[in-house]
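Student: Just one file: target.cif, with mmCIF, C-alpha atoms.
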```cif
data_upload
loop_
_atom_site.label_atom_id
_atom_site.label_comp_id
_atom_site.auth_asym_id
_atom_site.auth_seq_id
_atom_site.Cartn_x
_atom_site.Cartn_y
_atom_site.Cartn_z
CA MET A 1 0.00 0.00 0.00
CA GLY A 2 1.54 3.29 -1.10
CA TRP A 3 1.53 6.63 0.64
CA GLY A 4 -0.96 7.96 -1.89
CA GLU A 5 -3.49 5.31 -0.97
CA VAL A 6 -2.98 5.94 2.74
CA ALA A 7 -3.55 9.68 2.26
CA ARG A 8 -6.80 9.10 0.38
CA GLU A 9 -8.27 6.66 2.90
CA PRO A 10 -9.67 9.23 5.39
CA ALA A 11 -11.61 10.98 2.62
CA SER A 12 -13.38 7.71 1.79
CA ILE A 13 -14.70 7.22 5.33
CA ARG A 14 -15.85 10.78 5.99
CA PRO A 15 -19.59 11.21 6.72
CA ALA A 16 -21.72 11.83 3.66
CA TRP A 17 -22.81 15.25 4.91
CA LEU A 18 -19.18 16.41 4.68
CA ASN A 19 -18.98 15.41 1.03
CA TRP A 20 -21.78 17.51 -0.47
CA PRO A 21 -20.69 18.75 -3.89
CA LYS A 22 -20.12 22.49 -3.91
CA ALA A 23 -22.39 23.08 -6.90
CA GLU A 24 -25.29 21.26 -5.20
CA LEU A 25 -24.85 23.10 -1.89
CA ASN A 26 -24.58 26.47 -3.63
CA THR A 27 -27.75 25.76 -5.58
CA ALA A 28 -29.65 24.72 -2.45
CA VAL A 29 -28.57 27.89 -0.63
CA ALA A 30 -29.48 30.13 -3.58
CA VAL A 31 -32.93 28.61 -4.08
CA CYS A 32 -33.65 28.68 -0.34
CA ALA A 33 -32.69 32.35 -0.16
CA ALA A 34 -34.62 33.19 -3.32
CA GLN A 35 -37.89 31.91 -1.85
CA LEU A 36 -37.89 34.27 1.12
CA PRO A 37 -38.50 37.73 -0.47
CA ALA A 38 -41.34 36.49 -2.66
CA ALA A 39 -42.84 34.53 0.26
CA VAL A 40 -42.80 37.61 2.52
CA ALA A 41 -44.39 39.77 -0.16
CA LEU A 42 -47.09 37.20 -0.93
CA TRP A 43 -47.83 36.81 2.78
CA TRP A 44 -48.20 40.59 3.10
CA LEU A 45 -50.61 40.60 0.16
CA THR A 46 -52.83 38.02 1.86
CA THR A 47 -53.10 40.23 4.96
CA LEU A 48 -54.53 43.19 3.06
CA GLY A 49 -58.18 43.71 3.84
CA GLY A 50 -58.11 41.25 6.75
CA ASP A 51 -58.36 41.69 10.51
CA ASP A 52 -54.93 42.42 12.01
CA TYR A 53 -56.33 42.38 15.57
CA ALA A 54 -54.71 45.77 16.18
CA VAL A 55 -51.25 44.21 16.03
CA GLY A 56 -48.46 45.75 13.96
CA ALA A 57 -48.43 48.48 11.37
CA THR A 58 -50.93 48.79 8.55
CA GLY A 59 -51.41 50.70 5.35
CA ALA A 60 -48.59 52.86 4.02
CA LEU A 61 -46.49 52.30 7.16
CA ALA A 62 -46.66 48.53 6.67
CA ALA A 63 -45.76 48.90 2.99
CA ALA A 64 -42.76 51.07 3.91
CA GLY A 65 -41.63 48.49 6.47
CA LEU A 66 -41.99 45.72 3.91
CA LEU A 67 -39.99 47.71 1.38
CA CYS A 68 -37.16 48.19 3.90
CA THR A 69 -37.26 44.46 4.65
CA LEU A 70 -36.96 43.56 0.99
CA VAL A 71 -34.16 46.05 0.32
CA LEU A 72 -32.12 45.20 3.41
CA GLY A 73 -33.07 41.53 3.41
CA PRO A 74 -30.54 39.88 1.02
CA PRO A 75 -27.86 39.26 3.67
CA VAL A 76 -30.47 37.86 6.04
CA ALA A 77 -31.96 35.73 3.25
CA ALA A 78 -28.49 34.38 2.39
CA VAL A 79 -27.82 33.34 6.00
CA LEU A 80 -31.26 31.76 6.39
CA GLY A 81 -30.84 30.02 3.04
CA LEU A 82 -27.52 28.55 4.17
CA LEU A 83 -29.00 27.37 7.48
CA HIS A 84 -31.98 25.77 5.77
CA ALA A 85 -29.82 24.09 3.13
CA VAL A 86 -27.43 22.64 5.72
CA ALA A 87 -30.18 21.63 8.16
CA CYS A 88 -32.81 20.35 5.75
CA THR A 89 -32.18 20.26 2.00
CA MET A 90 -28.79 18.60 1.81
CA PRO A 91 -29.44 16.03 4.59
CA ALA A 92 -32.69 15.20 2.78
CA THR A 93 -30.76 14.49 -0.43
CA THR A 94 -28.36 12.30 1.57
CA LEU A 95 -31.30 10.35 3.02
CA ALA A 96 -32.76 9.98 -0.47
CA GLY A 97 -29.47 8.54 -1.75
CA LEU A 98 -29.26 6.05 1.10
CA ALA A 99 -32.88 4.98 0.59
CA ALA A 100 -32.36 4.55 -3.14
CA ARG A 101 -29.34 2.30 -2.58
CA ARG A 102 -30.81 0.17 0.20
CA LEU A 103 -34.52 0.13 -0.61
CA ARG A 104 -34.20 0.46 -4.38
CA GLY A 105 -36.03 2.83 -6.66
CA PRO A 106 -35.00 6.11 -8.32
CA GLU A 107 -33.44 8.66 -6.00
CA TRP A 108 -35.69 11.50 -7.17
CA LEU A 109 -38.70 9.59 -5.80
CA TRP A 110 -37.08 9.44 -2.36
CA GLN A 111 -36.20 13.13 -2.24
CA PRO A 112 -39.73 14.32 -1.25
CA ALA A 113 -39.74 11.66 1.47
CA GLY A 114 -36.38 12.91 2.75
CA VAL A 115 -37.66 16.50 2.80
CA GLY A 116 -40.75 15.33 4.66
CA VAL A 117 -38.72 13.45 7.28
CA LEU A 118 -36.38 16.38 7.92
CA GLY A 119 -39.32 18.79 7.98
CA ALA A 120 -41.06 16.65 10.59
CA VAL A 121 -37.90 16.43 12.70
CA TRP A 122 -37.24 20.18 12.72
CA GLY A 123 -40.94 20.90 13.11
CA ALA A 124 -41.01 18.73 16.23
CA ILE A 125 -37.88 20.41 17.63
CA THR A 126 -39.23 23.94 17.12
CA ALA A 127 -42.62 22.90 18.50
CA VAL A 128 -41.06 21.51 21.69
CA LEU A 129 -38.49 24.27 22.25
CA GLY A 130 -40.49 27.23 20.94
CA GLY A 131 -44.03 26.14 21.72
CA TRP A 132 -45.07 26.66 18.09
CA SER A 133 -47.64 24.60 16.23
CA PHE A 134 -46.07 21.37 14.93
CA PRO A 135 -48.20 21.14 11.74
CA VAL A 136 -47.37 24.75 10.85
CA THR A 137 -43.63 24.57 11.49
CA ALA A 138 -43.25 21.16 9.87
CA GLY A 139 -45.30 22.34 6.89
CA LEU A 140 -43.09 25.42 6.49
CA PHE A 141 -39.88 23.37 6.58
CA VAL A 142 -41.29 20.99 3.98
CA ALA A 143 -42.66 23.79 1.77
CA PHE A 144 -39.34 25.63 1.76
CA GLY A 145 -37.45 22.40 1.11
CA VAL A 146 -39.22 21.29 -2.07
CA LEU A 147 -37.78 23.81 -4.55
CA PRO A 148 -34.19 23.55 -3.23
CA ALA A 149 -34.40 19.77 -3.56
CA LEU A 150 -35.56 20.20 -7.15
CA GLY A 151 -32.63 22.57 -7.69
CA VAL A 152 -30.18 19.94 -6.47
CA ARG A 153 -31.78 17.39 -8.78
CA HIS A 154 -31.37 19.84 -11.69
CA VAL A 155 -27.64 20.19 -10.94
CA ARG A 156 -27.23 16.42 -10.89
CA ARG A 157 -29.04 16.04 -14.21
CA TRP A 158 -26.81 18.79 -15.64
CA GLN A 159 -23.73 16.93 -14.49
CA ARG A 160 -24.92 13.65 -16.00
CA THR A 161 -25.77 15.35 -19.30
CA MET A 162 -22.80 17.72 -19.62
CA GLY A 163 -20.25 15.63 -17.75
CA ARG A 164 -19.32 18.55 -15.46
CA ALA A 165 -20.79 20.86 -12.84
CA PRO A 166 -22.33 24.18 -13.96
CA ARG A 167 -19.70 26.86 -14.48
CA GLY A 168 -19.75 30.51 -13.57
CA GLY A 169 -19.57 30.15 -9.78
CA TRP A 170 -22.14 32.24 -7.95
CA ALA A 171 -22.94 34.42 -10.97
CA TRP A 172 -25.59 32.14 -12.45
CA LEU A 173 -27.06 31.54 -8.97
CA LEU A 174 -27.92 35.24 -8.70
CA TRP A 175 -30.69 34.88 -11.25
CA PRO A 176 -33.22 33.12 -8.99
CA VAL A 177 -32.49 35.64 -6.22
CA LEU A 178 -32.97 38.60 -8.58
CA ALA A 179 -36.15 37.06 -10.00
CA SER A 180 -37.51 36.59 -6.47
CA PHE A 181 -36.83 40.21 -5.52
CA ALA A 182 -38.41 41.38 -8.77
CA LEU A 183 -41.54 39.34 -7.98
CA ALA A 184 -41.58 40.73 -4.44
CA MET A 185 -41.41 44.31 -5.72
CA LEU A 186 -44.18 43.56 -8.22
CA VAL A 187 -46.39 42.16 -5.46
CA LEU A 188 -45.61 45.14 -3.23
CA GLY A 189 -46.47 47.65 -5.95
CA GLY A 190 -49.63 45.79 -6.92
CA GLY A 191 -50.79 45.62 -3.30
CA VAL A 192 -50.24 49.34 -2.76
CA VAL A 193 -52.06 50.24 -5.99
CA ALA A 194 -54.95 47.89 -5.15
CA THR A 195 -55.30 49.42 -1.70
CA VAL A 196 -55.14 53.04 -2.87
CA SER A 197 -57.54 52.44 -5.77
CA GLY A 198 -60.07 50.64 -3.58
CA LEU A 199 -59.76 47.23 -5.25
CA ILE A 200 -58.83 45.90 -1.83
CA VAL A 201 -61.23 47.35 0.74
CA GLU A 202 -59.77 48.26 4.10
CA TYR A 203 -61.00 46.01 6.89
CA GLU A 204 -63.72 47.26 9.23
CA PRO A 205 -64.88 45.27 12.26
CA PRO A 206 -68.56 44.29 12.43
CA LYS A 207 -70.97 46.44 14.41
CA LEU A 208 -72.70 44.15 16.90
CA SER A 209 -75.59 45.17 19.16
CA ALA A 210 -75.92 44.00 22.76
CA ALA A 211 -78.42 41.38 21.60
CA GLN A 212 -75.97 40.08 19.00
CA LEU A 213 -73.20 39.90 21.59
CA SER A 214 -75.33 37.86 23.97
CA GLY A 215 -74.68 34.14 23.93
CA VAL A 216 -71.81 31.72 24.34
CA TRP A 217 -68.28 32.48 23.12
CA LEU A 218 -65.65 29.73 22.99
CA GLY A 219 -61.86 29.91 22.93
CA GLU A 220 -58.84 27.66 22.98
CA ASP A 221 -58.09 25.33 25.88
CA GLY A 222 -61.74 25.11 26.88
CA ALA A 223 -62.34 28.83 27.50
CA VAL A 224 -66.07 29.63 27.75
CA LEU A 225 -67.64 33.07 28.07
CA HIS A 226 -71.43 33.23 28.47
CA LEU A 227 -72.87 36.72 28.05
CA HIS A 228 -76.46 36.77 29.34
CA ARG A 229 -79.01 39.21 27.99
CA ASP A 230 -79.59 40.65 31.47
CA GLY A 231 -75.94 41.73 31.76
CA ARG A 232 -74.61 38.76 33.73
CA ALA A 233 -71.45 37.01 32.60
CA ASP A 234 -70.17 33.51 33.39
CA LEU A 235 -66.53 32.69 32.69
CA THR A 236 -64.59 29.43 32.58
CA GLY A 237 -60.85 29.59 31.87
CA VAL A 238 -61.17 32.87 29.95
CA PRO A 239 -57.85 34.66 29.21
CA TYR A 240 -57.58 37.69 31.46
CA THR A 241 -54.82 40.30 31.40
CA ALA A 242 -56.00 41.97 34.63
CA GLY A 243 -54.96 38.93 36.69
CA GLY A 244 -56.78 35.73 37.50
CA GLU A 245 -57.92 33.52 40.30
CA ASP A 246 -54.34 32.37 40.95
CA GLY A 247 -52.89 35.83 41.39
CA PRO A 248 -51.75 38.81 39.30
CA ASP A 249 -49.63 36.67 36.97
CA ALA A 250 -52.47 34.32 36.02
CA ARG A 251 -53.75 34.44 32.50
CA SER A 252 -57.24 33.02 32.95
CA CYS A 253 -60.34 33.80 34.94
CA GLY A 254 -63.34 31.78 36.04
CA GLY A 255 -66.44 32.83 37.90
CA SER A 256 -69.40 35.17 37.49
CA GLY A 257 -69.65 38.90 36.90
CA SER A 258 -71.25 41.41 34.60
CA TRP A 259 -70.76 42.77 31.12
CA THR A 260 -71.69 45.82 29.10
CA ARG A 261 -71.35 46.75 25.47
CA ASP A 262 -68.90 49.62 25.67
CA HIS A 263 -68.83 52.12 22.86
CA ASP A 264 -65.42 53.35 23.89
CA GLU A 265 -62.81 52.18 21.45
CA PHE A 266 -60.56 49.27 22.43
CA TYR A 267 -57.67 49.00 19.98
CA GLY A 268 -59.58 51.39 17.71
CA ARG A 269 -62.91 49.53 17.81
CA ALA A 270 -65.95 48.91 20.02
CA GLY A 271 -66.02 46.00 22.42
CA VAL A 272 -67.27 44.28 25.55
CA LEU A 273 -66.31 45.32 29.08
CA LEU A 274 -66.24 42.44 31.56
CA SER A 275 -66.27 43.03 35.31
CA VAL A 276 -65.51 40.09 37.62
CA ASP A 277 -64.82 40.67 41.31
CA ARG A 278 -62.08 38.06 41.60
CA CYS A 279 -60.38 39.07 38.34
CA GLY A 280 -61.05 42.77 37.79
CA ASP A 281 -62.16 44.57 34.63
CA GLU A 282 -61.23 43.40 31.16
CA ALA A 283 -61.96 44.88 27.73
CA TRP A 284 -62.57 42.56 24.77
CA ALA A 285 -62.66 44.12 21.32
CA ILE A 286 -64.95 43.05 18.48
CA GLY A 287 -63.33 41.46 15.44
CA GLY A 288 -63.98 38.97 12.69
CA THR A 289 -66.80 39.52 10.23
CA GLU A 290 -70.57 39.92 10.31
CA ASN A 291 -71.01 36.23 9.51
CA ASP A 292 -68.20 35.05 11.79
CA PRO A 293 -67.81 37.56 14.64
CA GLU A 294 -65.05 37.31 17.23
CA LEU A 295 -63.99 38.83 20.52
CA PHE A 296 -60.27 39.29 21.12
CA VAL A 297 -57.83 40.62 23.68
CA LEU A 298 -54.08 41.26 23.49
CA ILE A 299 -52.01 39.56 26.18
CA GLY A 300 -48.95 41.43 27.42
CA ASP A 301 -47.17 43.86 25.10
CA PRO A 302 -49.56 45.08 22.37
CA ASP A 303 -46.73 44.72 19.85
CA SER A 304 -46.05 41.10 20.79
CA GLY A 305 -48.91 39.75 18.69
CA ASP A 306 -50.17 37.45 21.47
CA VAL A 307 -53.86 37.55 20.58
CA ARG A 308 -56.50 35.47 22.36
CA ILE A 309 -59.72 34.96 20.41
CA LEU A 310 -63.21 33.86 21.35
CA LYS A 311 -65.59 32.68 18.65
CA ARG A 312 -69.34 32.32 18.68
CA GLY A 313 -70.34 28.96 20.19
#
```
Please lay out the structure from this file as structure tokens.
Tutor:
Amino acid sequence: MGWGEVAREPASIRPAWLNWPKAELNTAVAVCAAQLPAAVALWWLTTLGGDDYAVGATGALAAAGLLCTLVLGPPVAAVLGLLHAVACTMPATTLAGLAARRLRGPEWLWQPAGVGVLGAVWGAITAVLGGWSFPVTAGLFVAFGVLPALGVRHVRRWQRTMGRAPRGGWAWLLWPVLASFALAMLVLGGGVVATVSGLIVEYEPPKLSAAQLSGVWLGEDGAVLHLHRDGRADLTGVPYTAGGEDGPDARSCGGSGSWTRDHDEFYGRAGVLLSVDRCGDEAWAIGGTENDPELFVLIGDPDSGDVRILKRG
């Protein structure tokens, strides 16, 4: 055995995740990063005309914030793209290769399964550590992993056809990023024009009378609020920012009290004022739509986005 063979031996036993081809990793990073600006802009477009529950900026201020995000976002997108590629896309391709060799079948059929497995793993981790919804986080990891996996497959097909990796370094990878930013700017401009021209009508909360507010309202974790027509209120596990039955730090209230339809504006809209001796006074604002009304309250910092919602039972 010569010295050359001895020197090459460690490279042959390195883990597969250390041997990702540069062209494939670069492509995965570029496609991951390219998805983010367009995704943010499309998400913003879906929020136009909807109930924001008095959280965050709206209108021209929101558009200006989005514009700053898109302009200053490339470095952030690049870092997030790299993290996603290393944590999800490339391990998924490795899993697909192992499955194709051991379980048979074309590798491209195993790639979606690999993305799904990694998405489920990271979704579970973020759900446990961050308290986020597992279906949402896992779905996001999977959704953002599909196109990068297809990009890696394209590079491999290129190599099989041309006999070499794509040339040009990072230059040709800029095209998907530039296309994504162009789409984001187009969505931003279209949303602003649609809002100013009235094609997208600005959201207005429903106007509910005391009779319409009477009845049972249900929330998460078994919260029940019963507003009686005579002004009495019965509560079971209702979120309460004024303190609860377990002390000032509690976030729920149970018991009996009273309620009134208050015309004073809570978060810029009318609402319901609850008064419970053991919990104090609490203001719930009216949201939702005429056909699907809601009551909501903001827990903690109004800018935190921690909204608790009660829906008609």
Student: When you draw a straight line from CA of Leu295 (chain A) to CA of Ala127 (chain A), how long is it in Å?
Tutor: 26.7 Å
Student: May I have the residues within 8 Å of Glu24 (chain A) as a PDB file with C-alpha atoms, keeping the file's coordinate frame, using only C-alpha atoms and disregarding those fewer than 4 positions away in the same chain?
Tutor:
```pdb
ATOM      1  CA  TRP A  20     -21.780  17.510  -0.470  1.00  0.00           C
ATOM      2  CA  ALA A  28     -29.650  24.720  -2.450  1.00  0.00           C
ATOM      3  CA  GLY A 151     -32.630  22.570  -7.690  1.00  0.00           C
ATOM      4  CA  VAL A 152     -30.180  19.940  -6.470  1.00  0.00           C
ATOM      5  CA  VAL A 155     -27.640  20.190 -10.940  1.00  0.00           C
ATOM      6  CA  ARG A 156     -27.230  16.420 -10.890  1.00  0.00           C
TER       7      ARG A 156
END
```
Student: Take CA of Ser258 (chain A) and CA of Asp277 (chain A) and report the distance between them in Å, one decimal.
Tutor: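 These two atoms are separated by 9.3 Å.
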Student: Between CA of Val238 (chain A) and CA of Asn291 (chain A), what is the distance, to one decimal in Å?
Tutor: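 According to the coordinates, CA of Val238 (chain A) and CA of Asn291 (chain A) are separated by 22.9 Å.
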Student: I'd like the neighbourhood of region 185-188 of chain A as a PyMOL selection string, where a residue qualifies if any of its atoms comes within 7 Å (using all atoms listed in the file), though same-chain residues fewer than 3 positions away should be ignored.
Tutor: chain A and resi 41-42+181-182+191-192
Student: Which one is closest to Ala78 (chain A): A:Leu45, A:Ala100, A:Ala33, A:Val40? Count all atoms listed in the file.
Tutor: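 Closest to Ala78 (chain A) of all the choices is A:Ala33.
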Student: Mind checking which residues fall within 8 Å of Gly219 (chain A), counting all atoms listed in the file, ignoring those fewer than 5 positions away in the same chain, and posting them as a PDB file with C-alpha atoms, keeping the file's coordinate frame?
Tutor:
```pdb
ATOM      1  CA  VAL A 224     -66.070  29.630  27.750  1.00  0.00           C
ATOM      2  CA  VAL A 238     -61.170  32.870  29.950  1.00  0.00           C
ATOM      3  CA  ARG A 308     -56.500  35.470  22.360  1.00  0.00           C
ATOM      4  CA  ILE A 309     -59.720  34.960  20.410  1.00  0.00           C
ATOM      5  CA  LEU A 310     -63.210  33.860  21.350  1.00  0.00           C
ATOM      6  CA  LYS A 311     -65.590  32.680  18.650  1.00  0.00           C
TER       7      LYS A 311
END
```
Student: Every residue with an atom at most 10 Å from (-62.3, 36.7, 17.3) (file coordinates; all atoms listed in the file) is what I'm after, so could you write them as a VMD selection string?
Tutor: chain A and resid 51 53 217 to 219 284 to 289 292 to 297 307 to 312
Student: With all atoms listed in the file as the basis for distance, which of A:Leu150, A:Cys279, A:Leu80, A:Ile125 is at the shortest distance from Ala92 (chain A)?
Tutor: A:Leu150
Student: Nearest to Glu107 (chain A): which of A:Phe144, A:Gly198, A:Leu129, A:Arg153 is it, counting only C-alpha atoms?
Tutor: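 The closest residue to Glu107 (chain A) is A:Arg153.
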Student: Find, counting only C-alpha atoms, the residue in A:Gly268, A:Pro239, A:Gly145, A:Pro205 that gets nearest to Glu220 (chain A).
Tutor: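 Nearest candidate to Glu220 (chain A) out of A:Gly268, A:Pro239, A:Gly145, A:Pro205: A:Pro239.
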Student: For region 130-142 of chain A, find every residue with an atom within 7 Å (counting all atoms listed in the file), except residues of its own chain fewer than 4 positions away, and show them as a list of chain:residue names.
Tutor: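 Residues meeting the cut-off are A:Val115, A:Gly116, A:Gly119, A:Ala120, A:Trp122, A:Gly123, A:Ala124, A:Thr126, A:Val146.
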Student: Which is closest to Leu178 (chain A) among A:Met90, A:Val201, A:Val29, A:Ala38, if we use only C-alpha atoms?
Tutor: A:Ala38
Student: If we count all atoms listed in the file, what is near Gly114 (chain A) at a cut-off of 8 Å, once residues fewer than 2 positions away on the same chain are taken out, given as a list in words?
Tutor: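 The contact residues come out as Pro91, Ala92, Thr93, Leu95, Ala96, Trp110, Gln111, Pro112, Gly116, Val117 and Leu118 of chain A.
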Student: Spell out the residues picked by the PyMOL selection byres ((chain A and resi 227) around 8) here, as a PDB file with C-alpha atoms, in the frame of the given file.
Tutor:
```pdb
ATOM      1  CA  LEU A 213     -73.200  39.900  21.590  1.00  0.00           C
ATOM      2  CA  SER A 214     -75.330  37.860  23.970  1.00  0.00           C
ATOM      3  CA  GLY A 215     -74.680  34.140  23.930  1.00  0.00           C
ATOM      4  CA  VAL A 216     -71.810  31.720  24.340  1.00  0.00           C
ATOM      5  CA  TRP A 217     -68.280  32.480  23.120  1.00  0.00           C
ATOM      6  CA  LEU A 225     -67.640  33.070  28.070  1.00  0.00           C
ATOM      7  CA  HIS A 226     -71.430  33.230  28.470  1.00  0.00           C
ATOM      8  CA  HIS A 228     -76.460  36.770  29.340  1.00  0.00           C
ATOM      9  CA  ARG A 229     -79.010  39.210  27.990  1.00  0.00           C
ATOM     10  CA  GLY A 231     -75.940  41.730  31.760  1.00  0.00           C
ATOM     11  CA  ARG A 232     -74.610  38.760  33.730  1.00  0.00           C
ATOM     12  CA  ALA A 233     -71.450  37.010  32.600  1.00  0.00           C
ATOM     13  CA  ASP A 234     -70.170  33.510  33.390  1.00  0.00           C
ATOM     14  CA  TRP A 259     -70.760  42.770  31.120  1.00  0.00           C
TER      15      TRP A 259
END
```
Student: Pick the closest to Arg261 (chain A) from A:Ala39, A:Leu103, A:Leu235, A:Leu208: which is it, counting all atoms listed in the file?
Tutor: A:Leu208
Student: List the residues matched by the PyMOL selection byres ((chain A and resi 82) around 9) in the displayed structure as a VMD selection string, ordered by chain and then by residue number.
Tutor: chain A and resid 25 to 26 28 to 30 32 to 33 77 to 81 83 to 87
